[in-house]
>>> print(open('run_12.cif').read())   # mmCIF, C-alpha atoms
data_final
#
loop_
_atom_site.group_PDB
_atom_site.id
_atom_site.type_symbol
_atom_site.label_atom_id
_atom_site.label_comp_id
_atom_site.auth_asym_id
_atom_site.auth_seq_id
_atom_site.Cartn_x
_atom_site.Cartn_y
_atom_site.Cartn_z
ATOM 1 C CA MET A 122 -7.284 -16.630 -26.890
ATOM 2 C CA LYS A 123 -6.734 -14.528 -23.754
ATOM 3 C CA PHE A 124 -3.242 -14.988 -22.328
ATOM 4 C CA ASP A 125 -3.290 -16.536 -18.844
ATOM 5 C CA LEU A 126 -0.572 -14.537 -17.099
ATOM 6 C CA LEU A 127 -1.045 -16.019 -13.633
ATOM 7 C CA GLY A 128 -1.343 -19.569 -14.968
ATOM 8 C CA THR A 129 1.891 -19.102 -16.899
ATOM 9 C CA LEU A 130 3.666 -17.850 -13.785
ATOM 10 C CA LEU A 131 2.503 -20.846 -11.764
ATOM 11 C CA VAL A 132 3.085 -23.615 -14.297
ATOM 12 C CA GLY A 133 5.077 -26.508 -12.902
ATOM 13 C CA ALA A 134 4.589 -25.474 -9.249
ATOM 14 C CA SER A 135 4.275 -28.377 -6.842
ATOM 15 C CA PRO A 136 1.057 -28.570 -4.767
ATOM 16 C CA PRO A 137 1.040 -27.571 -1.103
ATOM 17 C CA ALA A 138 1.996 -30.185 1.478
ATOM 18 C CA ALA A 139 -0.757 -32.382 2.921
ATOM 19 C CA GLY A 140 -3.177 -30.289 4.933
ATOM 20 C CA GLY A 141 -1.832 -27.118 3.338
ATOM 21 C CA GLU A 142 -3.512 -24.390 1.348
ATOM 22 C CA ARG A 143 -1.942 -21.843 -0.985
ATOM 23 C CA HIS A 144 -3.452 -18.465 -1.867
ATOM 24 C CA GLN A 145 -1.869 -16.469 -4.707
ATOM 25 C CA VAL A 146 -2.905 -13.070 -6.009
ATOM 26 C CA LEU A 147 -1.416 -11.347 -9.039
ATOM 27 C CA PHE A 148 -1.877 -7.575 -8.697
ATOM 28 C CA GLN A 149 -1.961 -5.682 -12.008
ATOM 29 C CA PRO A 150 -2.440 -1.968 -11.211
ATOM 30 C CA SER A 151 -2.722 0.468 -14.085
ATOM 31 C CA PHE A 152 0.046 2.846 -12.994
ATOM 32 C CA HIS A 153 2.303 0.852 -10.663
ATOM 33 C CA SER A 154 4.400 -2.304 -10.621
ATOM 34 C CA GLU A 155 2.822 -5.719 -10.926
ATOM 35 C CA SER A 156 3.336 -8.046 -7.978
ATOM 36 C CA LEU A 157 2.546 -11.601 -6.924
ATOM 37 C CA LEU A 158 1.507 -12.349 -3.337
ATOM 38 C CA THR A 159 1.722 -15.957 -2.140
ATOM 39 C CA VAL A 160 0.396 -17.119 1.227
ATOM 40 C CA GLU A 161 1.293 -20.722 2.046
ATOM 41 C CA LEU A 162 -0.812 -22.033 4.925
ATOM 42 C CA LEU A 163 0.668 -25.165 6.476
ATOM 43 C CA PRO A 164 -0.416 -27.006 9.630
ATOM 44 C CA ASP A 165 2.525 -25.679 11.650
ATOM 45 C CA ALA A 166 3.301 -22.284 10.062
ATOM 46 C CA THR A 167 2.425 -19.867 7.289
ATOM 47 C CA THR A 168 4.782 -18.251 4.805
ATOM 48 C CA VAL A 169 3.959 -14.878 3.235
ATOM 49 C CA HIS A 170 5.891 -13.945 0.093
ATOM 50 C CA LEU A 171 5.627 -10.904 -2.153
ATOM 51 C CA ARG A 172 7.436 -10.688 -5.488
ATOM 52 C CA VAL A 173 7.485 -7.160 -6.913
ATOM 53 C CA PHE A 174 8.332 -6.816 -10.614
ATOM 54 C CA THR A 175 10.211 -3.686 -11.617
ATOM 55 C CA ASP A 176 9.535 -4.124 -15.350
ATOM 56 C CA SER A 177 6.339 -5.179 -17.108
ATOM 57 C CA LEU A 178 5.451 -8.785 -16.412
ATOM 58 C CA TRP A 179 2.852 -8.729 -19.153
ATOM 59 C CA GLY A 180 5.383 -7.411 -21.658
ATOM 60 C CA ALA A 181 7.910 -10.098 -20.745
ATOM 61 C CA LEU A 182 5.537 -13.072 -20.938
ATOM 62 C CA ALA A 183 2.474 -12.339 -23.067
ATOM 63 C CA GLY A 184 4.384 -11.482 -26.222
ATOM 64 C CA ASN A 185 7.128 -14.108 -25.944
ATOM 65 C CA ALA A 186 6.992 -16.508 -28.902
ATOM 66 C CA ASP A 187 9.173 -19.119 -27.167
ATOM 67 C CA LEU A 188 6.628 -19.463 -24.381
ATOM 68 C CA ARG A 189 3.842 -20.058 -26.873
ATOM 69 C CA ASP A 190 5.881 -22.794 -28.543
ATOM 70 C CA ALA A 191 6.815 -24.679 -25.358
ATOM 71 C CA ARG A 192 6.147 -28.407 -25.770
ATOM 72 C CA SER A 193 5.574 -29.336 -22.122
ATOM 73 C CA PRO A 194 4.809 -27.741 -18.763
ATOM 74 C CA ALA A 195 8.372 -28.454 -17.645
ATOM 75 C CA GLU A 196 9.837 -26.679 -20.680
ATOM 76 C CA LEU A 197 7.410 -23.765 -20.196
ATOM 77 C CA ALA A 198 8.411 -23.419 -16.534
ATOM 78 C CA GLU A 199 12.107 -23.286 -17.490
ATOM 79 C CA LEU A 200 11.457 -20.630 -20.129
ATOM 80 C CA VAL A 201 9.358 -18.520 -17.756
ATOM 81 C CA ALA A 202 12.183 -18.525 -15.205
ATOM 82 C CA LEU A 203 14.575 -17.289 -17.896
ATOM 83 C CA VAL A 204 12.456 -14.403 -19.168
ATOM 84 C CA LEU A 205 10.965 -13.057 -15.942
ATOM 85 C CA PRO A 206 11.587 -9.305 -15.649
ATOM 86 C CA PRO A 207 13.729 -7.956 -12.786
ATOM 87 C CA HIS A 208 12.031 -8.322 -9.422
ATOM 88 C CA SER A 209 12.545 -8.220 -5.667
ATOM 89 C CA ASP A 210 11.393 -10.890 -3.194
ATOM 90 C CA HIS A 211 10.138 -10.324 0.355
ATOM 91 C CA SER A 212 9.167 -13.095 2.790
ATOM 92 C CA ALA A 213 8.039 -13.618 6.372
ATOM 93 C CA VAL A 214 6.918 -16.600 8.449
ATOM 94 C CA LEU A 215 3.935 -16.593 10.809
ATOM 95 C CA GLY A 216 3.871 -18.718 13.930
ATOM 96 C CA SER A 217 1.278 -21.446 14.372
ATOM 97 C CA GLU A 218 -0.772 -19.252 16.732
ATOM 98 C CA SER A 219 -1.663 -16.948 13.817
ATOM 99 C CA VAL A 220 -2.526 -19.646 11.296
ATOM 100 C CA ALA A 221 -5.912 -20.705 12.712
ATOM 101 C CA GLN A 222 -7.280 -17.147 12.626
ATOM 102 C CA LEU A 223 -5.960 -16.599 9.109
ATOM 103 C CA ARG A 224 -7.556 -19.838 7.893
ATOM 104 C CA HIS A 225 -10.841 -18.697 9.400
ATOM 105 C CA ASP A 226 -10.646 -15.252 7.786
ATOM 106 C CA LEU A 227 -9.780 -16.583 4.345
ATOM 107 C CA ALA A 228 -12.489 -19.268 4.484
ATOM 108 C CA ARG A 229 -14.978 -16.540 5.432
ATOM 109 C CA ASP A 230 -13.881 -14.178 2.644
ATOM 110 C CA LEU A 231 -13.218 -16.591 -0.219
ATOM 111 C CA PRO A 232 -16.883 -17.124 -1.280
ATOM 112 C CA GLY A 233 -17.083 -13.438 -2.163
ATOM 113 C CA LEU A 234 -14.803 -14.059 -5.149
ATOM 114 C CA SER A 235 -17.493 -16.248 -6.743
ATOM 115 C CA VAL A 236 -20.130 -13.506 -6.787
ATOM 116 C CA PRO A 237 -20.551 -12.314 -10.401
ATOM 117 C CA ASP A 238 -19.170 -8.858 -11.147
ATOM 118 C CA ASP A 239 -18.920 -7.680 -14.747
ATOM 119 C CA ARG A 240 -17.384 -4.259 -13.989
ATOM 120 C CA ARG A 241 -14.235 -3.431 -15.924
ATOM 121 C CA GLY A 242 -12.305 -0.254 -16.616
ATOM 122 C CA CYS A 243 -9.084 1.299 -17.860
ATOM 123 C CA ASP A 244 -7.748 2.914 -14.676
ATOM 124 C CA GLY A 245 -7.794 0.549 -11.739
ATOM 125 C CA ILE A 246 -6.409 -2.844 -10.819
ATOM 126 C CA GLY A 247 -6.846 -6.307 -12.273
ATOM 127 C CA LEU A 248 -6.657 -9.139 -9.738
ATOM 128 C CA ARG A 249 -5.980 -12.760 -10.652
ATOM 129 C CA VAL A 250 -6.366 -15.377 -7.923
ATOM 130 C CA ALA A 251 -5.371 -19.043 -7.574
ATOM 131 C CA VAL A 252 -6.280 -21.076 -4.485
ATOM 132 C CA THR A 253 -4.618 -24.506 -4.340
ATOM 133 C CA THR A 254 -4.888 -27.447 -1.979
ATOM 134 C CA ALA A 255 -2.916 -30.676 -2.034
ATOM 135 C CA ASP A 256 -5.643 -32.809 -3.619
ATOM 136 C CA ALA A 257 -7.234 -30.519 -6.236
ATOM 137 C CA PRO A 258 -6.284 -28.295 -9.153
ATOM 138 C CA PRO A 259 -6.177 -24.548 -8.443
ATOM 139 C CA ALA A 260 -9.483 -22.741 -8.091
ATOM 140 C CA ARG A 261 -9.227 -19.599 -10.210
ATOM 141 C CA PHE A 262 -10.924 -16.227 -9.780
ATOM 142 C CA GLU A 263 -10.698 -12.730 -11.254
ATOM 143 C CA ALA A 264 -11.732 -9.320 -9.950
ATOM 144 C CA TRP A 265 -11.467 -5.689 -10.976
ATOM 145 C CA SER A 266 -10.924 -2.803 -8.534
ATOM 146 C CA PRO A 267 -13.266 -4.143 -5.821
ATOM 147 C CA ASP A 268 -14.983 -1.334 -3.914
ATOM 148 C CA ALA A 269 -15.400 -1.788 -0.169
ATOM 149 C CA GLY A 270 -19.086 -2.659 -0.562
ATOM 150 C CA LEU A 271 -18.527 -5.539 -2.991
ATOM 151 C CA PRO A 272 -18.394 -9.204 -1.849
ATOM 152 C CA ALA A 273 -14.907 -9.757 -3.299
ATOM 153 C CA HIS A 274 -13.375 -6.866 -1.378
ATOM 154 C CA ALA A 275 -12.933 -8.626 1.991
ATOM 155 C CA TYR A 276 -10.640 -11.320 0.569
ATOM 156 C CA PHE A 277 -8.143 -8.821 -0.841
ATOM 157 C CA ALA A 278 -8.362 -6.615 2.261
ATOM 158 C CA THR A 279 -7.468 -9.594 4.478
ATOM 159 C CA LEU A 280 -4.437 -10.563 2.387
ATOM 160 C CA HIS A 281 -3.240 -6.973 1.999
ATOM 161 C CA ARG A 282 -3.505 -6.361 5.758
ATOM 162 C CA LEU A 283 -1.580 -9.568 6.512
ATOM 163 C CA ALA A 284 1.237 -8.742 4.086
ATOM 164 C CA THR A 285 1.494 -5.158 5.342
ATOM 165 C CA GLU A 286 1.794 -6.330 8.946
ATOM 166 C CA VAL A 287 4.518 -8.945 8.444
ATOM 167 C CA LEU A 288 6.692 -7.972 5.457
ATOM 168 C CA ASP A 289 9.640 -5.560 5.371
ATOM 169 C CA ASP A 290 9.619 -1.851 4.534
ATOM 170 C CA PRO A 291 10.384 -2.209 0.782
ATOM 171 C CA ALA A 292 7.442 -4.613 0.467
ATOM 172 C CA ARG A 293 5.214 -2.205 2.419
ATOM 173 C CA THR A 294 6.110 0.525 -0.063
ATOM 174 C CA ALA A 295 4.730 -1.613 -2.899
ATOM 175 C CA LEU A 296 1.672 -2.559 -0.840
ATOM 176 C CA GLU A 297 0.987 1.102 -0.037
ATOM 177 C CA GLN A 298 0.860 1.795 -3.765
ATOM 178 C CA LEU A 299 -1.953 -0.781 -4.005
ATOM 179 C CA HIS A 300 -3.874 0.738 -1.079
ATOM 180 C CA GLY A 301 -5.962 3.188 -3.088
ATOM 181 C CA TYR A 302 -6.695 0.715 -5.887
ATOM 182 C CA LEU A 303 -8.179 -1.685 -3.314
ATOM 183 C CA ASP A 304 -10.358 0.922 -1.557
ATOM 184 C CA LEU A 305 -8.777 0.289 1.839
ATOM 185 C CA GLY A 306 -9.637 3.605 3.475
ATOM 186 C CA PRO A 307 -7.673 6.811 4.099
ATOM 187 C CA PRO A 308 -3.926 6.376 3.437
ATOM 188 C CA LEU A 309 -2.932 7.431 6.945
ATOM 189 C CA ARG A 310 -1.071 5.603 9.713
ATOM 190 C CA ASP A 311 -0.122 6.654 13.221
ATOM 191 C CA ARG A 312 3.020 4.638 13.995
ATOM 192 C CA GLY A 313 3.373 6.100 17.502
ATOM 193 C CA GLY A 314 6.814 6.128 19.088
ATOM 194 C CA SER A 315 8.870 8.987 20.401
ATOM 195 C CA PRO A 316 9.086 11.203 18.470
ATOM 196 C CA ARG A 317 5.584 10.530 17.177
ATOM 197 C CA ARG A 318 5.657 9.242 13.612
ATOM 198 C CA LEU A 319 2.676 9.909 11.360
ATOM 199 C CA GLN A 320 2.601 8.456 7.846
ATOM 200 C CA ILE A 321 0.720 9.721 4.786
ATOM 201 C CA PHE A 322 1.046 7.683 1.584
ATOM 202 C CA SER A 323 -0.661 7.080 -1.767
ATOM 203 C CA ARG A 324 -3.125 9.877 -2.672
ATOM 204 C CA LEU A 325 -5.453 12.087 -0.637
ATOM 205 C CA SER A 326 -8.843 13.172 -1.951
ATOM 206 C CA SER A 327 -11.095 16.037 -0.890
ATOM 207 C CA SER A 328 -13.476 13.540 0.759
ATOM 208 C CA GLU A 329 -10.747 12.793 3.331
ATOM 209 C CA GLU A 330 -10.431 16.388 4.552
ATOM 210 C CA ARG A 331 -12.125 15.752 7.904
ATOM 211 C CA VAL A 332 -10.372 12.457 8.669
ATOM 212 C CA LEU A 333 -7.034 14.089 7.803
ATOM 213 C CA GLY A 334 -7.778 16.878 10.289
ATOM 214 C CA ASP A 335 -8.612 14.307 12.981
ATOM 215 C CA PHE A 336 -5.393 12.433 12.141
ATOM 216 C CA PHE A 337 -3.277 15.568 12.587
ATOM 217 C CA PHE A 338 -5.233 16.574 15.680
ATOM 218 C CA SER A 339 -4.285 13.273 17.380
ATOM 219 C CA ALA A 340 -0.799 14.666 18.121
ATOM 220 C CA GLY A 341 -0.385 17.034 21.054
ATOM 221 C CA ASP A 342 0.582 20.604 20.202
ATOM 222 C CA ASP A 343 3.950 20.356 21.930
ATOM 223 C CA GLU A 344 4.766 16.760 20.951
ATOM 224 C CA PRO A 345 7.703 16.235 18.525
ATOM 225 C CA VAL A 346 6.335 14.751 15.285
ATOM 226 C CA VAL A 347 7.795 13.408 12.056
ATOM 227 C CA VAL A 348 5.351 13.139 9.135
ATOM 228 C CA ASP A 349 6.568 10.434 6.741
ATOM 229 C CA MET A 350 5.475 11.207 3.159
ATOM 230 C CA ARG A 351 8.148 9.289 1.255
ATOM 231 C CA ASN A 352 5.512 7.211 -0.556
ATOM 232 C CA PHE A 353 3.026 10.034 -1.124
ATOM 233 C CA GLU A 354 1.634 10.627 -4.620
ATOM 234 C CA GLY A 355 -0.567 13.695 -4.512
ATOM 235 C CA MET A 356 -3.498 15.732 -3.150
ATOM 236 C CA GLY A 357 -5.746 18.596 -4.134
ATOM 237 C CA THR A 358 -4.928 22.164 -3.110
ATOM 238 C CA MET A 359 -8.013 22.385 -0.874
ATOM 239 C CA LEU A 360 -6.120 20.257 1.682
ATOM 240 C CA TYR A 361 -3.197 22.702 1.866
ATOM 241 C CA PRO A 362 -4.570 24.749 4.822
ATOM 242 C CA LEU A 363 -4.569 21.637 7.036
ATOM 243 C CA PHE A 364 -0.920 20.946 6.263
ATOM 244 C CA ARG A 365 0.054 24.567 6.844
ATOM 245 C CA TRP A 366 -1.921 24.612 10.124
ATOM 246 C CA PHE A 367 -0.085 21.511 11.365
ATOM 247 C CA SER A 368 3.318 22.904 10.376
ATOM 248 C CA GLU A 369 2.678 25.964 12.565
ATOM 249 C CA ARG A 370 2.095 24.003 15.785
ATOM 250 C CA PRO A 371 4.432 24.949 18.675
ATOM 251 C CA GLY A 372 6.016 21.499 18.939
ATOM 252 C CA PRO A 373 8.845 20.440 16.559
ATOM 253 C CA THR A 374 7.372 19.216 13.258
ATOM 254 C CA LEU A 375 9.425 17.709 10.431
ATOM 255 C CA TRP A 376 8.325 16.249 7.101
ATOM 256 C CA VAL A 377 10.157 13.436 5.268
ATOM 257 C CA ALA A 378 8.928 13.828 1.734
ATOM 258 C CA SER A 379 9.251 12.454 -1.764
ATOM 259 C CA LYS A 380 10.186 14.896 -4.522
ATOM 260 C CA PHE A 381 6.538 15.334 -5.488
ATOM 261 C CA ALA A 382 5.428 15.671 -1.866
ATOM 262 C CA ARG A 383 8.066 18.352 -1.250
ATOM 263 C CA ARG A 384 6.693 20.409 -4.122
ATOM 264 C CA GLN A 385 3.147 20.230 -2.772
ATOM 265 C CA LEU A 386 4.232 20.936 0.799
ATOM 266 C CA ARG A 387 6.087 24.045 -0.360
ATOM 267 C CA GLU A 388 2.987 25.154 -2.257
ATOM 268 C CA ALA A 389 1.026 24.667 0.981
ATOM 269 C CA GLY A 390 3.413 27.022 2.790
ATOM 270 C CA ILE A 391 5.541 24.500 4.705
ATOM 271 C CA PRO A 392 8.962 26.102 5.395
ATOM 272 C CA ASP A 393 12.006 24.419 3.862
ATOM 273 C CA ALA A 394 13.573 24.123 7.328
ATOM 274 C CA GLN A 395 10.959 21.476 8.163
ATOM 275 C CA LEU A 396 11.550 19.355 5.037
ATOM 276 C CA HIS A 397 13.877 16.349 4.894
ATOM 277 C CA HIS A 398 14.703 13.682 2.322
ATOM 278 C CA GLU A 399 15.586 10.884 4.760
ATOM 279 C CA LEU A 400 13.825 9.627 7.872
ATOM 280 C CA ALA A 401 17.134 9.154 9.731
ATOM 281 C CA ASP A 402 18.045 12.819 9.129
ATOM 282 C CA ALA A 403 14.697 14.002 10.475
ATOM 283 C CA LEU A 404 15.000 11.845 13.597
ATOM 284 C CA LEU A 405 18.528 13.128 14.215
ATOM 285 C CA HIS A 406 17.323 16.705 13.781
ATOM 286 C CA LEU A 407 14.571 16.160 16.357
ATOM 287 C CA ALA A 408 17.031 14.566 18.776
ATOM 288 C CA THR A 409 19.247 17.638 18.441
ATOM 289 C CA LEU A 410 16.301 19.959 19.081
ATOM 290 C CA ALA A 411 15.276 17.944 22.149
ATOM 291 C CA ALA A 412 18.779 18.320 23.604
ATOM 292 C CA SER A 413 18.690 22.102 23.199
ATOM 293 C CA PRO A 414 16.815 23.932 26.021
ATOM 294 C CA SER A 415 16.438 27.021 23.844
ATOM 295 C CA SER A 416 14.358 25.026 21.337
ATOM 296 C CA ARG A 417 11.664 24.159 23.861
ATOM 297 C CA ASN A 418 8.540 26.278 23.566
ATOM 298 C CA PRO A 419 6.239 26.910 26.551
ATOM 299 C CA PRO A 420 2.926 25.006 26.469
ATOM 300 C CA THR A 421 0.225 26.740 24.504
ATOM 301 C CA ALA A 422 -3.508 26.352 24.061
ATOM 302 C CA ARG A 423 -4.679 24.034 21.302
ATOM 303 C CA ARG A 424 -5.189 25.991 18.113
ATOM 304 C CA PRO A 425 -8.467 25.504 16.213
ATOM 305 C CA ARG A 426 -7.921 23.637 13.016
ATOM 306 C CA PRO A 427 -9.105 25.107 9.694
ATOM 307 C CA ALA A 428 -12.812 24.679 9.062
ATOM 308 C CA ALA A 429 -13.788 22.182 6.377
ATOM 309 C CA GLN A 430 -14.510 23.919 3.117
ATOM 310 C CA SER A 431 -18.049 24.021 1.809
ATOM 311 C CA PRO A 432 -19.089 22.098 -1.335
ATOM 312 C CA ALA A 433 -19.384 25.416 -3.184
ATOM 313 C CA THR A 434 -15.804 26.317 -2.247
ATOM 314 C CA ARG A 435 -14.611 22.874 -3.304
ATOM 315 C CA ARG A 436 -16.200 23.233 -6.719
ATOM 316 C CA GLY A 437 -14.217 26.424 -7.166
ATOM 317 C CA ARG A 438 -10.880 24.647 -6.676
#
>>> encode(input="run_12.cif", output="structure tokens")
Amino acid sequence: MKFDLLGTLLVGASPPAAGGERHQVLFQPSFHSESLLTVELLPDATTVHLRVFTDSLWGALAGNADLRDARSPAELAELVALVLPPHSDHSAVLGSESVAQLRHDLARDLPGLSVPDDRRGCDGIGLRVAVTTADAPPARFEAWSPDAGLPAHAYFATLHRLATEVLDDPARTALEQLHGYLDLGPPLRDRGGSPRRLQIFSRLSSSEERVLGDFFFSAGDDEPVVVDMRNFEGMGTMLYPLFRWFSERPGPTLWVASKFARRQLREAGIPDAQLHHELADALLHLATLAASPSSRNPPTARRPRPAAQSPATRRGR
């Protein structure tokens, strides 16, 4: 019999309060941490909670003989609490003004989970869903790596967007790792501010060459910019000219990069003087440059960005 990982996690949970609705998604990506997202919609507020497991949830629960021998739901719930792997918890509360729109969006998207989809694979993400109201047992659904064109996709996109908007930075790091699995578009964010903060996370593919160029081009040539790549996981070498082009702009440009990102940026020709490990260090560096008149370059004409490579050139990479 197939082990019900989500059902085991939720055993013994009390139902939502009257008029409430609970949405829970267990994310099981192939190469990243498992996590459980819970959205508790109540008449007066909504709670968003993400639990990120740092060790294998499947390994801790599926093979545990004591769990299989539990004699009651109460005993099973106690055992599950004892054997859960290490995890971190992240929560936020929405005001009542946001709840009505969220209810509408989830009611609109939920039917897509019922559309049959027999796709499965080895590299991707398994998604287990439980939707619970006060007067009914949980409605259960499953999905596998929903592409943007599939009916199930909208439900996961809505919940991922909500969690990303309201939870803290450590939770966003975990959610960014799910971004590519869920086919949520280019992993790029313009966070604005002064200095301008651009963020690149997850993985970049060759198909995103043009949108990456437009993303870089959004910053003025003389504007101070920090590019945050702390949660970046890789790109192909054909994108290197765009990164090198942006690093050569007249305005101050600094990169906050993970160990892997630093290696690729160096390969792309980014000078070490622009690379930082910590965001705070990069911001301090830019503040120091701004205070130094000698660091200010005269305005210059906008440089043309590198032309997109042809399909033939791409095949040669």
>>> resolve_selection(input="run_12.cif", expression="the PyMOL selection byres ((chain A and resi 199) around 12)", output="list in words")
Thr129, Leu130, Leu131, Val132, Gly133, Ala134, Asp187, Leu188, Ala191, Arg192, Ser193, Pro194, Ala195, Glu196, Leu197, Ala198, Leu200, Val201, Ala202, Leu203, Val204 and Leu205 of chain A
>>> atom_distance(input="run_12.cif", atom1="atom CA of Leu405 of chain A", atom2="atom CA of Met350 of chain A")
17.2 Å
>>> atom_distance(input="run_12.cif", atom1="atom CA of Val160 of chain A", atom2="atom CA of His144 of chain A")
5.1 Å
>>> resolve_selection(input="run_12.cif", expression="the PyMOL selection byres ((chain A and resi 376-391) around 8)", output="JSON, numbers by chain")
{"A": [347, 348, 349, 350, 351, 352, 353, 354, 355, 358, 361, 362, 364, 365, 368, 374, 375, 392, 393, 395, 396, 397, 398, 399, 400, 403]}
>>> residues_around(input="run_12.cif", residues="Gly334 of chain A", least_positions_apart="5", cutoff="12 Å", atoms="all atoms listed in the file", output="PyMOL selection string")
chain A and resi 307+309+327-329+339-340+360-367+425-429
>>> residues_around(input="run_12.cif", residues="Glu155 of chain A", least_positions_apart="2", cutoff="8 Å", atoms="all atoms listed in the file", output="PDB file with C-alpha atoms, keeping the file's coordinate frame")
ATOM      1  CA  LEU A 147      -1.416 -11.347  -9.039  1.00  0.00           C
ATOM      2  CA  PHE A 148      -1.877  -7.575  -8.697  1.00  0.00           C
ATOM      3  CA  GLN A 149      -1.961  -5.682 -12.008  1.00  0.00           C
ATOM      4  CA  PRO A 150      -2.440  -1.968 -11.211  1.00  0.00           C
ATOM      5  CA  HIS A 153       2.303   0.852 -10.663  1.00  0.00           C
ATOM      6  CA  LEU A 157       2.546 -11.601  -6.924  1.00  0.00           C
ATOM      7  CA  VAL A 173       7.485  -7.160  -6.913  1.00  0.00           C
ATOM      8  CA  PHE A 174       8.332  -6.816 -10.614  1.00  0.00           C
ATOM      9  CA  THR A 175      10.211  -3.686 -11.617  1.00  0.00           C
ATOM     10  CA  SER A 177       6.339  -5.179 -17.108  1.00  0.00           C
ATOM     11  CA  LEU A 178       5.451  -8.785 -16.412  1.00  0.00           C
TER      12      LEU A 178
END
>>> closest_residue(input="run_12.cif", among="A:Ala138, A:Leu288, A:Ala412, A:Leu271", to="Asp165 of chain A", atoms="all atoms listed in the file")
A:Ala138
>>> build_atoms(input="run_12.cif", residues="segment 125-130 of chain A", atoms="all heavy atoms", output="PDB file, in the coordinates of the input")
ATOM      1  N   ASP A 125      -3.131 -16.270 -20.264  1.00  0.00           N
ATOM      2  CA  ASP A 125      -3.290 -16.536 -18.844  1.00  0.00           C
ATOM      3  C   ASP A 125      -1.977 -16.217 -18.134  1.00  0.00           C
ATOM      4  O   ASP A 125      -1.107 -17.082 -17.989  1.00  0.00           O
ATOM      5  CB  ASP A 125      -3.691 -17.997 -18.625  1.00  0.00           C
ATOM      6  CG  ASP A 125      -3.948 -18.324 -17.157  1.00  0.00           C
ATOM      7  OD1 ASP A 125      -3.837 -17.423 -16.310  1.00  0.00           O
ATOM      8  OD2 ASP A 125      -4.248 -19.503 -16.866  1.00  0.00           O
ATOM      9  N   LEU A 126      -1.835 -14.979 -17.679  1.00  0.00           N
ATOM     10  CA  LEU A 126      -0.572 -14.537 -17.099  1.00  0.00           C
ATOM     11  C   LEU A 126      -0.280 -15.259 -15.781  1.00  0.00           C
ATOM     12  O   LEU A 126       0.834 -15.749 -15.559  1.00  0.00           O
ATOM     13  CB  LEU A 126      -0.610 -13.027 -16.885  1.00  0.00           C
ATOM     14  CG  LEU A 126       0.695 -12.356 -16.468  1.00  0.00           C
ATOM     15  CD1 LEU A 126       1.797 -12.621 -17.477  1.00  0.00           C
ATOM     16  CD2 LEU A 126       0.480 -10.860 -16.305  1.00  0.00           C
ATOM     17  N   LEU A 127      -1.271 -15.338 -14.902  1.00  0.00           N
ATOM     18  CA  LEU A 127      -1.045 -16.019 -13.633  1.00  0.00           C
ATOM     19  C   LEU A 127      -0.786 -17.504 -13.840  1.00  0.00           C
ATOM     20  O   LEU A 127       0.133 -18.074 -13.232  1.00  0.00           O
ATOM     21  CB  LEU A 127      -2.239 -15.819 -12.696  1.00  0.00           C
ATOM     22  CG  LEU A 127      -2.141 -16.514 -11.335  1.00  0.00           C
ATOM     23  CD1 LEU A 127      -0.903 -16.050 -10.570  1.00  0.00           C
ATOM     24  CD2 LEU A 127      -3.401 -16.276 -10.510  1.00  0.00           C
ATOM     25  N   GLY A 128      -1.559 -18.146 -14.702  1.00  0.00           N
ATOM     26  CA  GLY A 128      -1.343 -19.569 -14.968  1.00  0.00           C
ATOM     27  C   GLY A 128       0.043 -19.839 -15.519  1.00  0.00           C
ATOM     28  O   GLY A 128       0.681 -20.847 -15.170  1.00  0.00           O
ATOM     29  N   THR A 129       0.545 -18.943 -16.355  1.00  0.00           N
ATOM     30  CA  THR A 129       1.891 -19.102 -16.899  1.00  0.00           C
ATOM     31  C   THR A 129       2.941 -18.970 -15.802  1.00  0.00           C
ATOM     32  O   THR A 129       3.919 -19.721 -15.769  1.00  0.00           O
ATOM     33  CB  THR A 129       2.141 -18.060 -18.008  1.00  0.00           C
ATOM     34  OG1 THR A 129       1.147 -18.221 -19.023  1.00  0.00           O
ATOM     35  CG2 THR A 129       3.513 -18.219 -18.628  1.00  0.00           C
ATOM     36  N   LEU A 130       2.736 -18.020 -14.898  1.00  0.00           N
ATOM     37  CA  LEU A 130       3.666 -17.850 -13.785  1.00  0.00           C
ATOM     38  C   LEU A 130       3.728 -19.089 -12.895  1.00  0.00           C
ATOM     39  O   LEU A 130       4.793 -19.434 -12.364  1.00  0.00           O
ATOM     40  CB  LEU A 130       3.245 -16.663 -12.921  1.00  0.00           C
ATOM     41  CG  LEU A 130       3.702 -15.267 -13.321  1.00  0.00           C
ATOM     42  CD1 LEU A 130       3.125 -14.251 -12.344  1.00  0.00           C
ATOM     43  CD2 LEU A 130       5.212 -15.167 -13.335  1.00  0.00           C
TER      44      LEU A 130
END
